[in-house]
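Participant: Dropping in query.pdb, which is PDB, C-alpha atoms:
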```pdb
ATOM      1  CA  ASP A   1     106.069  75.325  31.435
ATOM      2  CA  LYS A   2     107.805  72.116  30.358
ATOM      3  CA  LEU A   3     110.246  74.015  28.127
ATOM      4  CA  LEU A   4     111.017  76.293  31.084
ATOM      5  CA  GLY A   5     111.543  73.289  33.345
ATOM      6  CA  LYS A   6     108.498  74.102  35.485
ATOM      7  CA  ASP A   7     105.786  71.788  36.786
ATOM      8  CA  SER A   8     102.262  72.421  35.519
ATOM      9  CA  HIS A   9      98.849  70.950  36.226
ATOM     10  CA  ASP A  10      97.235  73.020  33.454
ATOM     11  CA  ILE A  11      96.629  70.649  30.531
ATOM     12  CA  ASP A  12      94.699  71.705  27.424
ATOM     13  CA  ILE A  13      93.857  69.258  24.639
ATOM     14  CA  ALA A  14      93.065  70.829  21.244
ATOM     15  CA  ILE A  15      90.549  68.937  19.087
ATOM     16  CA  ASP A  16      90.493  69.436  15.328
ATOM     17  CA  ASN A  17      87.162  67.900  14.260
ATOM     18  CA  MET A  18      84.646  68.118  17.136
ATOM     19  CA  MET A  19      83.689  70.222  20.131
ATOM     20  CA  GLY A  20      85.420  69.646  23.443
ATOM     21  CA  GLU A  21      82.275  68.411  25.206
ATOM     22  CA  GLU A  22      81.635  65.778  22.543
ATOM     23  CA  PHE A  23      85.231  64.553  22.788
ATOM     24  CA  ALA A  24      85.064  64.446  26.602
ATOM     25  CA  HIS A  25      81.971  62.225  26.466
ATOM     26  CA  LYS A  26      83.682  59.955  23.934
ATOM     27  CA  LEU A  27      86.635  59.709  26.322
ATOM     28  CA  ASN A  28      84.227  58.595  29.050
ATOM     29  CA  GLU A  29      82.750  55.967  26.735
ATOM     30  CA  TYR A  30      86.236  54.635  26.055
ATOM     31  CA  LEU A  31      87.174  54.557  29.749
ATOM     32  CA  VAL A  32      84.005  52.697  30.761
ATOM     33  CA  ALA A  33      84.381  50.228  27.883
ATOM     34  CA  HIS A  34      87.883  49.387  29.107
ATOM     35  CA  GLY A  35      87.028  49.008  32.777
ATOM     36  CA  GLY A  36      87.854  52.540  33.852
ATOM     37  CA  GLU A  37      85.848  55.030  35.873
ATOM     38  CA  LYS A  38      83.628  57.611  34.256
ATOM     39  CA  SER A  39      84.684  61.201  34.855
ATOM     40  CA  ASN A  40      82.371  64.153  35.359
ATOM     41  CA  VAL A  41      82.289  66.586  32.446
ATOM     42  CA  ALA A  42      81.929  70.274  33.285
ATOM     43  CA  VAL A  43      81.203  72.649  30.412
ATOM     44  CA  ILE A  44      82.066  76.343  30.394
ATOM     45  CA  HIS A  45      79.855  77.746  27.664
ATOM     46  CA  SER A  46      80.923  80.491  25.301
ATOM     47  CA  ASN A  47      79.711  84.019  25.983
ATOM     48  CA  PRO A  48      80.734  86.338  23.129
ATOM     49  CA  ASP A  49      79.244  89.393  24.842
ATOM     50  CA  GLN A  50      81.839  88.903  27.586
ATOM     51  CA  SER A  51      84.655  88.016  25.125
ATOM     52  CA  LYS A  52      84.476  84.316  26.016
ATOM     53  CA  HIS A  53      84.373  82.937  22.489
ATOM     54  CA  LEU A  54      85.108  79.257  23.050
ATOM     55  CA  GLU A  55      83.203  76.499  24.802
ATOM     56  CA  THR A  56      85.488  74.449  27.045
ATOM     57  CA  ALA A  57      84.909  70.986  28.545
ATOM     58  CA  LYS A  58      86.720  70.113  31.789
ATOM     59  CA  VAL A  59      87.404  66.535  32.890
ATOM     60  CA  ASN A  60      89.189  65.305  35.998
ATOM     61  CA  TYR A  61      91.235  62.268  34.970
ATOM     62  CA  GLN A  62      93.600  60.487  37.371
ATOM     63  CA  GLY A  63      93.845  63.587  39.537
ATOM     64  CA  LEU A  64      94.529  65.923  36.607
ATOM     65  CA  GLU A  65      92.109  68.591  35.406
ATOM     66  CA  ILE A  66      92.134  68.495  31.611
ATOM     67  CA  ASP A  67      90.471  71.038  29.320
ATOM     68  CA  PHE A  68      89.203  69.985  25.888
ATOM     69  CA  VAL A  69      88.569  72.685  23.300
ATOM     70  CA  ASN A  70      88.288  72.738  19.535
ATOM     71  CA  LEU A  71      90.806  74.414  17.244
ATOM     72  CA  ARG A  72      89.257  77.617  15.952
ATOM     73  CA  SER A  73      89.341  80.214  13.250
ATOM     74  CA  GLU A  74      87.308  83.411  13.205
ATOM     75  CA  SER A  75      85.626  85.735  10.777
ATOM     76  CA  TYR A  76      83.725  88.940  11.502
ATOM     77  CA  ALA A  77      80.547  90.010   9.743
ATOM     78  CA  GLU A  78      80.518  93.644   8.661
ATOM     79  CA  GLU A  79      79.822  96.016  11.596
ATOM     80  CA  SER A  80      79.853  93.143  14.120
ATOM     81  CA  ARG A  81      82.334  92.737  16.983
ATOM     82  CA  ILE A  82      81.207  89.164  17.715
ATOM     83  CA  PRO A  83      83.169  86.665  15.622
ATOM     84  CA  GLU A  84      81.787  83.666  13.829
ATOM     85  CA  ILE A  85      83.723  80.733  15.281
ATOM     86  CA  LYS A  86      84.564  77.849  12.951
ATOM     87  CA  PHE A  87      86.792  74.808  13.157
ATOM     88  CA  GLY A  88      90.273  75.851  12.141
ATOM     89  CA  THR A  89      93.749  74.534  11.541
ATOM     90  CA  ALA A  90      96.348  74.398  14.283
ATOM     91  CA  LYS A  91      98.111  77.429  12.783
ATOM     92  CA  GLU A  92      94.899  79.461  12.594
ATOM     93  CA  ASP A  93      94.231  78.604  16.219
ATOM     94  CA  ALA A  94      97.787  79.468  17.284
ATOM     95  CA  LEU A  95      97.505  82.925  15.740
ATOM     96  CA  ARG A  96      94.345  83.616  17.789
ATOM     97  CA  ARG A  97      96.060  82.771  21.091
ATOM     98  CA  ASP A  98      96.978  85.452  23.612
ATOM     99  CA  PHE A  99     100.781  85.241  23.499
ATOM    100  CA  THR A 100     103.350  83.461  21.370
ATOM    101  CA  ILE A 101     104.686  81.531  24.361
ATOM    102  CA  ASN A 102     101.162  80.176  24.937
ATOM    103  CA  ALA A 103     100.708  79.242  21.276
ATOM    104  CA  LEU A 104     103.139  76.312  21.367
ATOM    105  CA  PHE A 105     101.571  72.901  20.704
ATOM    106  CA  TYR A 106     102.840  69.528  21.853
ATOM    107  CA  ASN A 107     102.170  66.883  19.221
ATOM    108  CA  ILE A 108     101.130  63.806  21.213
ATOM    109  CA  ARG A 109     101.616  61.425  18.311
ATOM    110  CA  GLN A 110     105.081  62.624  17.357
ATOM    111  CA  GLY A 111     106.318  63.762  20.762
ATOM    112  CA  THR A 112     107.429  67.136  19.390
ATOM    113  CA  VAL A 113     106.800  70.812  20.115
ATOM    114  CA  GLU A 114     105.210  72.742  17.238
ATOM    115  CA  ASP A 115     105.863  76.483  17.089
ATOM    116  CA  LEU A 116     103.324  77.519  14.473
ATOM    117  CA  THR A 117     103.719  81.264  15.075
ATOM    118  CA  GLU A 118     107.489  80.826  14.555
ATOM    119  CA  LYS A 119     108.045  83.169  17.511
ATOM    120  CA  GLY A 120     107.172  81.138  20.617
ATOM    121  CA  ARG A 121     110.501  79.395  21.211
ATOM    122  CA  GLU A 122     112.430  82.583  20.449
ATOM    123  CA  ASP A 123     110.322  84.594  22.899
ATOM    124  CA  LEU A 124     110.807  81.947  25.591
ATOM    125  CA  ARG A 125     114.566  82.244  25.154
ATOM    126  CA  LYS A 126     114.416  86.051  25.189
ATOM    127  CA  GLY A 127     111.968  86.213  28.099
ATOM    128  CA  LEU A 128     109.438  88.232  26.104
ATOM    129  CA  ILE A 129     105.646  88.526  26.239
ATOM    130  CA  ARG A 130     104.486  89.142  22.654
ATOM    131  CA  THR A 131     101.201  88.572  20.823
ATOM    132  CA  PRO A 132     101.003  86.409  17.674
ATOM    133  CA  LEU A 133      98.965  89.087  15.849
ATOM    134  CA  PRO A 134      99.163  92.868  16.381
ATOM    135  CA  ALA A 135      98.595  93.455  20.090
ATOM    136  CA  LEU A 136      95.601  95.766  19.644
ATOM    137  CA  GLN A 137      93.793  93.106  17.603
ATOM    138  CA  THR A 138      94.632  90.406  20.145
ATOM    139  CA  PHE A 139      93.462  92.516  23.098
ATOM    140  CA  MET A 140      90.225  93.577  21.422
ATOM    141  CA  ASP A 141      89.484  89.904  20.730
ATOM    142  CA  ASP A 142      89.547  89.338  24.500
ATOM    143  CA  PRO A 143      90.471  92.403  26.604
ATOM    144  CA  LEU A 144      91.195  90.224  29.655
ATOM    145  CA  ARG A 145      94.448  89.385  27.886
ATOM    146  CA  VAL A 146      95.788  92.702  29.173
ATOM    147  CA  MET A 147      95.485  91.313  32.709
ATOM    148  CA  ARG A 148      96.993  88.026  31.568
ATOM    149  CA  ALA A 149      99.977  89.901  30.125
ATOM    150  CA  ILE A 150     100.567  91.389  33.578
ATOM    151  CA  ARG A 151     100.222  87.993  35.251
ATOM    152  CA  PHE A 152     102.600  86.163  32.926
ATOM    153  CA  ALA A 153     105.195  88.947  32.930
ATOM    154  CA  SER A 154     105.242  89.135  36.744
ATOM    155  CA  ARG A 155     105.128  85.362  37.221
ATOM    156  CA  LEU A 156     107.930  84.603  34.771
ATOM    157  CA  GLY A 157     109.928  87.819  35.116
ATOM    158  CA  PHE A 158     109.581  88.429  31.373
ATOM    159  CA  ASP A 159     109.677  91.743  29.506
ATOM    160  CA  LEU A 160     106.675  93.043  27.588
ATOM    161  CA  ASP A 161     106.954  93.716  23.871
ATOM    162  CA  GLN A 162     106.562  97.431  23.139
ATOM    163  CA  ASP A 163     103.481  96.787  21.003
ATOM    164  CA  VAL A 164     101.880  95.083  24.027
ATOM    165  CA  VAL A 165     102.693  98.046  26.295
ATOM    166  CA  THR A 166     101.417 100.628  23.810
ATOM    167  CA  SER A 167      98.183  98.790  23.013
ATOM    168  CA  ALA A 168      97.381  97.902  26.634
ATOM    169  CA  ALA A 169      97.451 101.574  27.609
ATOM    170  CA  THR A 170      94.997 102.719  24.909
ATOM    171  CA  GLN A 171      91.576 104.047  25.839
ATOM    172  CA  GLU A 172      90.033 101.622  23.346
ATOM    173  CA  VAL A 173      91.382  98.552  25.132
ATOM    174  CA  GLN A 174      90.622  99.888  28.608
ATOM    175  CA  GLN A 175      87.022 100.663  27.618
ATOM    176  CA  ALA A 176      86.671  97.172  26.165
ATOM    177  CA  LEU A 177      88.036  95.621  29.367
ATOM    178  CA  ALA A 178      85.520  97.624  31.409
ATOM    179  CA  THR A 179      82.494  96.781  29.250
ATOM    180  CA  LYS A 180      83.151  93.422  27.579
ATOM    181  CA  VAL A 181      84.678  91.394  30.436
ATOM    182  CA  SER A 182      82.798  90.282  33.554
ATOM    183  CA  ARG A 183      83.888  91.545  36.972
ATOM    184  CA  GLU A 184      84.352  87.925  38.025
ATOM    185  CA  ARG A 185      86.933  87.255  35.295
ATOM    186  CA  ILE A 186      88.840  90.453  36.113
ATOM    187  CA  SER A 187      88.815  89.711  39.856
ATOM    188  CA  THR A 188      89.965  86.131  39.350
ATOM    189  CA  GLU A 189      92.865  87.281  37.177
ATOM    190  CA  LEU A 190      93.861  89.998  39.668
ATOM    191  CA  GLU A 191      93.782  87.639  42.651
ATOM    192  CA  SER A 192      95.873  85.049  40.829
ATOM    193  CA  THR A 193      98.410  87.743  39.942
ATOM    194  CA  LEU A 194      98.679  89.114  43.489
ATOM    195  CA  GLN A 195      99.273  85.610  44.822
ATOM    196  CA  GLY A 196     102.134  85.138  42.362
ATOM    197  CA  PRO A 197     105.868  85.508  42.976
ATOM    198  CA  ASN A 198     106.158  89.216  42.056
ATOM    199  CA  PRO A 199     103.031  91.244  42.878
ATOM    200  CA  LYS A 200     105.118  94.435  43.048
ATOM    201  CA  MET A 201     105.998  94.121  39.360
ATOM    202  CA  ALA A 202     102.343  93.392  38.558
ATOM    203  CA  LEU A 203     101.155  96.510  40.382
ATOM    204  CA  GLU A 204     103.731  98.649  38.608
ATOM    205  CA  LEU A 205     102.391  97.362  35.278
ATOM    206  CA  VAL A 206      98.855  98.234  36.397
ATOM    207  CA  ARG A 207     100.196 101.750  36.942
ATOM    208  CA  THR A 208     101.937 101.797  33.547
ATOM    209  CA  PHE A 209      98.761 100.731  31.739
ATOM    210  CA  GLY A 210      96.493 103.027  33.784
ATOM    211  CA  LEU A 211      94.161 100.154  34.671
ATOM    212  CA  LEU A 212      93.281 100.847  38.309
ATOM    213  CA  ASP A 213      89.946 102.535  37.475
ATOM    214  CA  VAL A 214      88.865  99.475  35.504
ATOM    215  CA  ILE A 215      90.144  96.959  38.033
ATOM    216  CA  LEU A 216      88.354  98.666  40.925
ATOM    217  CA  ASP A 217      85.259  99.307  38.790
ATOM    218  CA  MET A 218      85.330 102.847  40.119
ATOM    219  CA  PRO A 219      81.893 104.539  39.845
ATOM    220  CA  SER A 220      82.120 107.611  37.614
ATOM    221  CA  GLU A 221      80.338 109.843  40.147
ATOM    222  CA  VAL A 222      82.872 108.821  42.792
ATOM    223  CA  LYS A 223      85.854 109.304  40.516
ATOM    224  CA  GLU A 224      84.765 112.926  39.972
ATOM    225  CA  ARG A 225      85.180 113.521  43.721
ATOM    226  CA  LEU A 226      88.565 111.839  44.008
ATOM    227  CA  PRO A 227      91.730 113.929  43.763
ATOM    228  CA  THR A 228      93.559 113.908  40.446
ATOM    229  CA  GLY A 229      96.094 111.109  40.433
ATOM    230  CA  TYR A 230      94.366 109.219  43.247
ATOM    231  CA  SER A 231      95.654 105.930  41.836
ATOM    232  CA  GLU A 232      99.306 106.733  42.579
ATOM    233  CA  PRO A 233      99.077 106.574  46.416
ATOM    234  CA  CYS A 234      96.982 103.404  46.054
ATOM    235  CA  ILE A 235      99.685 101.737  43.964
ATOM    236  CA  GLN A 236     102.425 103.024  46.261
ATOM    237  CA  CYS A 237     100.719 101.578  49.356
ATOM    238  CA  ALA A 238     100.145  98.253  47.637
ATOM    239  CA  THR A 239     103.716  97.920  46.321
ATOM    240  CA  PHE A 240     105.053  98.831  49.773
ATOM    241  CA  MET A 241     102.903  96.100  51.323
ATOM    242  CA  ALA A 242     103.994  93.600  48.656
ATOM    243  CA  GLU A 243     107.636  94.259  49.527
ATOM    244  CA  ALA A 244     106.991  94.282  53.285
ATOM    245  CA  MET A 245     105.286  90.870  53.136
ATOM    246  CA  ARG A 246     108.117  89.193  51.222
ATOM    247  CA  GLY A 247     109.179  86.134  53.171
ATOM    248  CA  GLU A 248     107.161  87.179  56.235
ATOM    249  CA  LEU A 249     104.201  84.812  55.838
ATOM    250  CA  GLU A 250     105.545  81.391  56.788
ATOM    251  CA  SER A 251     104.095  81.557  60.314
ATOM    252  CA  VAL A 252     100.580  82.757  59.477
ATOM    253  CA  GLN A 253      97.675  80.416  60.195
ATOM    254  CA  VAL A 254      96.059  80.816  56.757
ATOM    255  CA  SER A 255      97.476  80.198  53.302
ATOM    256  CA  PRO A 256     100.479  82.494  52.715
ATOM    257  CA  GLN A 257      99.189  83.257  49.208
ATOM    258  CA  HIS A 258      95.774  84.194  50.581
ATOM    259  CA  ALA A 259      97.302  86.366  53.302
ATOM    260  CA  LYS A 260      99.491  88.125  50.741
ATOM    261  CA  LYS A 261      96.504  88.801  48.486
ATOM    262  CA  VAL A 262      94.387  90.210  51.321
ATOM    263  CA  GLY A 263      97.241  92.342  52.653
ATOM    264  CA  ILE A 264      98.025  93.874  49.269
ATOM    265  CA  LEU A 265      94.364  94.539  48.452
ATOM    266  CA  ALA A 266      93.874  96.198  51.852
ATOM    267  CA  ALA A 267      96.883  98.442  51.238
ATOM    268  CA  LEU A 268      95.663  99.238  47.728
ATOM    269  CA  LEU A 269      92.362 100.540  49.103
ATOM    270  CA  LEU A 270      93.809 102.329  52.160
ATOM    271  CA  PRO A 271      94.021 105.804  50.521
ATOM    272  CA  LEU A 272      90.306 105.538  49.645
ATOM    273  CA  ARG A 273      89.137 104.929  53.213
ATOM    274  CA  ASP A 274      87.650 108.422  53.713
ATOM    275  CA  PHE A 275      85.505 108.401  50.581
ATOM    276  CA  SER A 276      81.973 107.088  50.142
ATOM    277  CA  ALA A 277      79.753 105.739  47.374
ATOM    278  CA  ILE A 278      76.020 105.425  46.809
ATOM    279  CA  THR A 279      74.651 101.917  46.238
ATOM    280  CA  GLU A 280      71.891 100.962  43.818
ATOM    281  CA  LYS A 281      69.540 101.086  46.823
ATOM    282  CA  LYS A 282      70.539 104.745  47.379
ATOM    283  CA  LYS A 283      72.441 103.881  50.541
ATOM    284  CA  GLU A 284      75.692 105.665  51.336
ATOM    285  CA  VAL A 285      78.544 103.300  52.226
ATOM    286  CA  GLY A 286      82.303 103.499  52.483
ATOM    287  CA  LEU A 287      84.010 103.413  49.087
ATOM    288  CA  THR A 288      86.266 100.550  50.078
ATOM    289  CA  GLU A 289      83.225  98.582  51.238
ATOM    290  CA  HIS A 290      81.519  99.302  47.926
ATOM    291  CA  ILE A 291      84.544  98.160  45.914
ATOM    292  CA  VAL A 292      84.920  94.813  47.659
ATOM    293  CA  GLY A 293      81.206  94.155  47.324
ATOM    294  CA  LEU A 294      80.186  94.160  50.974
ATOM    295  CA  CYS A 295      77.439  96.778  50.660
TER     296      CYS A 295
END
```
Could you render the structure from this file as C-alpha cells?
Facilitator:
Amino acid sequence: DKLLGKDSHDIDIAIDNMMGEEFAHKLNEYLVAHGGEKSNVAVIHSNPDQSKHLETAKVNYQGLEIDFVNLRSESYAEESRIPEIKFGTAKEDALRRDFTINALFYNIRQGTVEDLTEKGREDLRKGLIRTPLPALQTFMDDPLRVMRAIRFASRLGFDLDQDVVTSAATQEVQQALATKVSRERISTELESTLQGPNPKMALELVRTFGLLDVILDMPSEVKERLPTGYSEPCIQCATFMAEAMRGELESVQVSPQHAKKVGILAALLLPLRDFSAITEKKKEVGLTEHIVGLC
C-alpha cells in the first residue's frame, strides 16, 4: 500500500525467532516497564484442517491493530497434506506468501523495502497479481487465496497472471476451497470484495473461475434440479446491480458499503427465488433462505 501511495491500517510484524503470541506479551512487558498501557492480546490459533497454518497474535497499540506472526518454512510428510511448520528465513517465508506484491518486507532497522521473491516490485509496476511459487501449489496451500486473488485484482484494478487464472479454475482447487476452507472465511472474503471499489470485476472473475457453486455452498441435490448454466443469470443480475448502484448510495441511511453488499447479494440470488432446499431437520425452505443461513 505504501509503495502504491495508499493509506493502510493493516500492519503485520514478522518475527524470526519466536511465536507471535510470545512476542506480543514481551511487548506488553516492555510497555508496562516504561510507563505505558498494557494491550490486550488476541490469538487466532492455527487450524491446518481449514488451511489456516499459522498462529497469529493481534494487539491494539495506539489505535492501530498490529498482527505478530513468525517467519515460516514448511515441509510435508509423505502422503500428508498438512505441513510441518518450522521457523524459516525471510526468503522462505516470502515464497510461501499468496502473491508477490504481498511478499514485500519493510526492514524496520534499515528503513528499506526487501523484495525477496525478486518479482514484487516489478509486479506492482506492471499491475499484476502473480504467485511467488507455481499458482497451483500456492492455492492448494490455502485455497482461500483464490478468493483473495479476486479481491486484490478488483480492488487494485490489476491483471491476473495466466498461471493464476488457469490454476484457479481447476477442479482440484475448487474442491479444496469447498472442503478445506470454512464457510466463515469464504463469506468474509466475499463480503469484503463486494464492498470494494469494483464488485463488477470481482463477479466476472467468479464467473471466469466457475466458483459460484462453492461460494454459495450449493447443496448437490439442489444443483441437480437447477437448470444447466444457472450461475450465468445470477452473475448477470449481480453485475447489473453493481453497476446500477455506482454512485447512488450517498443518501442511504446505512453504510454505503453495507448497502452495496446487500444489494448485490440480493441480485445474485434473485434467479434462485423459485427453488427450494431441504434442511438438516428435513424442513423445506426457500433456496435463497437456505443459502443465507436463515432456515
Participant: So what do you get for CA of Asp161 (chain A) versus CA of Arg121 (chain A), distance-wise?
Facilitator: 15.0 Å
Participant: Kindly indicate which residue among A:Gln62, A:Gln110, A:Thr288, A:Ser73 lies nearest to Pro219 (chain A), using all atoms listed in the file for the distances.
Facilitator: A:Thr288
Participant: List every protein, DNA or RNA residue that has at least one atom no more than 8 Å from (95.9, 97.3, 27.0) in the file's coordinates, counting only C-alpha atoms, and write the result as a PyMOL selection string.
Facilitator: chain A and resi 136+139+143+146+164-170+173-174+209
Participant: Those selected residues, please, written with C-alpha atoms and delivered as a PDB file, keeping the file's coordinate frame.
Facilitator:
```
ATOM      1  CA  LEU A 136      95.601  95.766  19.644  1.00  0.00           C
ATOM      2  CA  PHE A 139      93.462  92.516  23.098  1.00  0.00           C
ATOM      3  CA  PRO A 143      90.471  92.403  26.604  1.00  0.00           C
ATOM      4  CA  VAL A 146      95.788  92.702  29.173  1.00  0.00           C
ATOM      5  CA  VAL A 164     101.880  95.083  24.027  1.00  0.00           C
ATOM      6  CA  VAL A 165     102.693  98.046  26.295  1.00  0.00           C
ATOM      7  CA  THR A 166     101.417 100.628  23.810  1.00  0.00           C
ATOM      8  CA  SER A 167      98.183  98.790  23.013  1.00  0.00           C
ATOM      9  CA  ALA A 168      97.381  97.902  26.634  1.00  0.00           C
ATOM     10  CA  ALA A 169      97.451 101.574  27.609  1.00  0.00           C
ATOM     11  CA  THR A 170      94.997 102.719  24.909  1.00  0.00           C
ATOM     12  CA  VAL A 173      91.382  98.552  25.132  1.00  0.00           C
ATOM     13  CA  GLN A 174      90.622  99.888  28.608  1.00  0.00           C
ATOM     14  CA  PHE A 209      98.761 100.731  31.739  1.00  0.00           C
TER      15      PHE A 209
END
```
Participant: Step by step, work through what the PyMOL selection byres ((chain A and resi 277) around 12) selects in the shown file, and finish by giving those residues as a PyMOL selection string.
Facilitator: chain A and resi 218-226+272-276+278-291+293+295
Participant: For the file shown, report as a list in words the outcome of the PyMOL selection byres ((chain A and resi 104) around 9) at residue level.
Facilitator: Ala94, Thr100, Ile101, Asn102, Ala103, Phe105, Tyr106, Val113, Glu114, Asp115, Leu116, Thr117, Gly120 and Arg121 of chain A
Participant: Take the PyMOL selection byres ((chain A and resi 21) around 10), apply it to the structure above, and return the hits as a ChimeraX atom specification.
Facilitator: /A:18-20,22-27,41-45,55-59,67-70
Participant: Using all atoms listed in the file, pick whichever of A:Ile186, A:Leu268, A:Leu156, A:Ala259 has the shortest atom-to-atom distance to Leu203 (chain A).
Facilitator: A:Leu268
Participant: Using Å and a single decimal, report how far CA of Ile13 (chain A) sits from CA of Leu64 (chain A).
Facilitator: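 Answer for the CA of Leu64 (chain A) to CA of Ile13 (chain A) separation: 12.4 Å.
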Participant: With distances taken over only C-alpha atoms, which of A:Glu118, A:Leu265, A:Asp142, A:Leu124 is nearest to Arg97 (chain A)?
Facilitator: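 So, comparing all the options, the nearest one is A:Asp142.
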Participant: Kindly indicate which residue among A:Glu74, A:Asp10, A:Asp93, A:Glu84 lies nearest to Asn60 (chain A), using all atoms listed in the file for the distances.
Facilitator: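 Nearest to Asn60 (chain A): A:Asp10.
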Participant: When you draw a straight line from CA of Thr89 (chain A) to CA of Ala14 (chain A), how long is it in Å?
Facilitator: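 It comes out at 10.4 Å.
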Participant: Neighbourhood query: residues within 8 Å of (97.1, 87.9, 45.2), file coordinates, counting only C-alpha atoms; return as a ChimeraX atom specification.
Facilitator: /A:190-196,199,257-258,260-262,264-265
Participant: Can you tell me, as a list of chain:residue names, what residues are no more than 12 Å from Glu184 (chain A) when counting only C-alpha atoms, ignoring any on the same chain fewer than 3 positions away?
Facilitator: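 Near neighbours after the sequence-gap exclusion: A:Gln50, A:Leu144, A:Ala178, A:Lys180, A:Val181, A:Ser187, A:Thr188, A:Glu189, A:Leu190, A:Glu191, A:Ile215, A:Leu216, A:Asp217, A:Val292, A:Gly293.
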Participant: Using only C-alpha atoms, which of A:Leu160, A:Leu3, A:Met147, A:Leu211 sits nearest Thr131 (chain A)?
Facilitator: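 Distance minimum relative to Thr131 (chain A) lands on A:Leu160.
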Participant: From the list A:Pro256, A:Gly210, A:Gly5, A:Gly263, which residue is nearest Glu243 (chain A) when using all atoms listed in the file?
Facilitator: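 That would be A:Gly263, the residue with the smallest distance to Glu243 (chain A).
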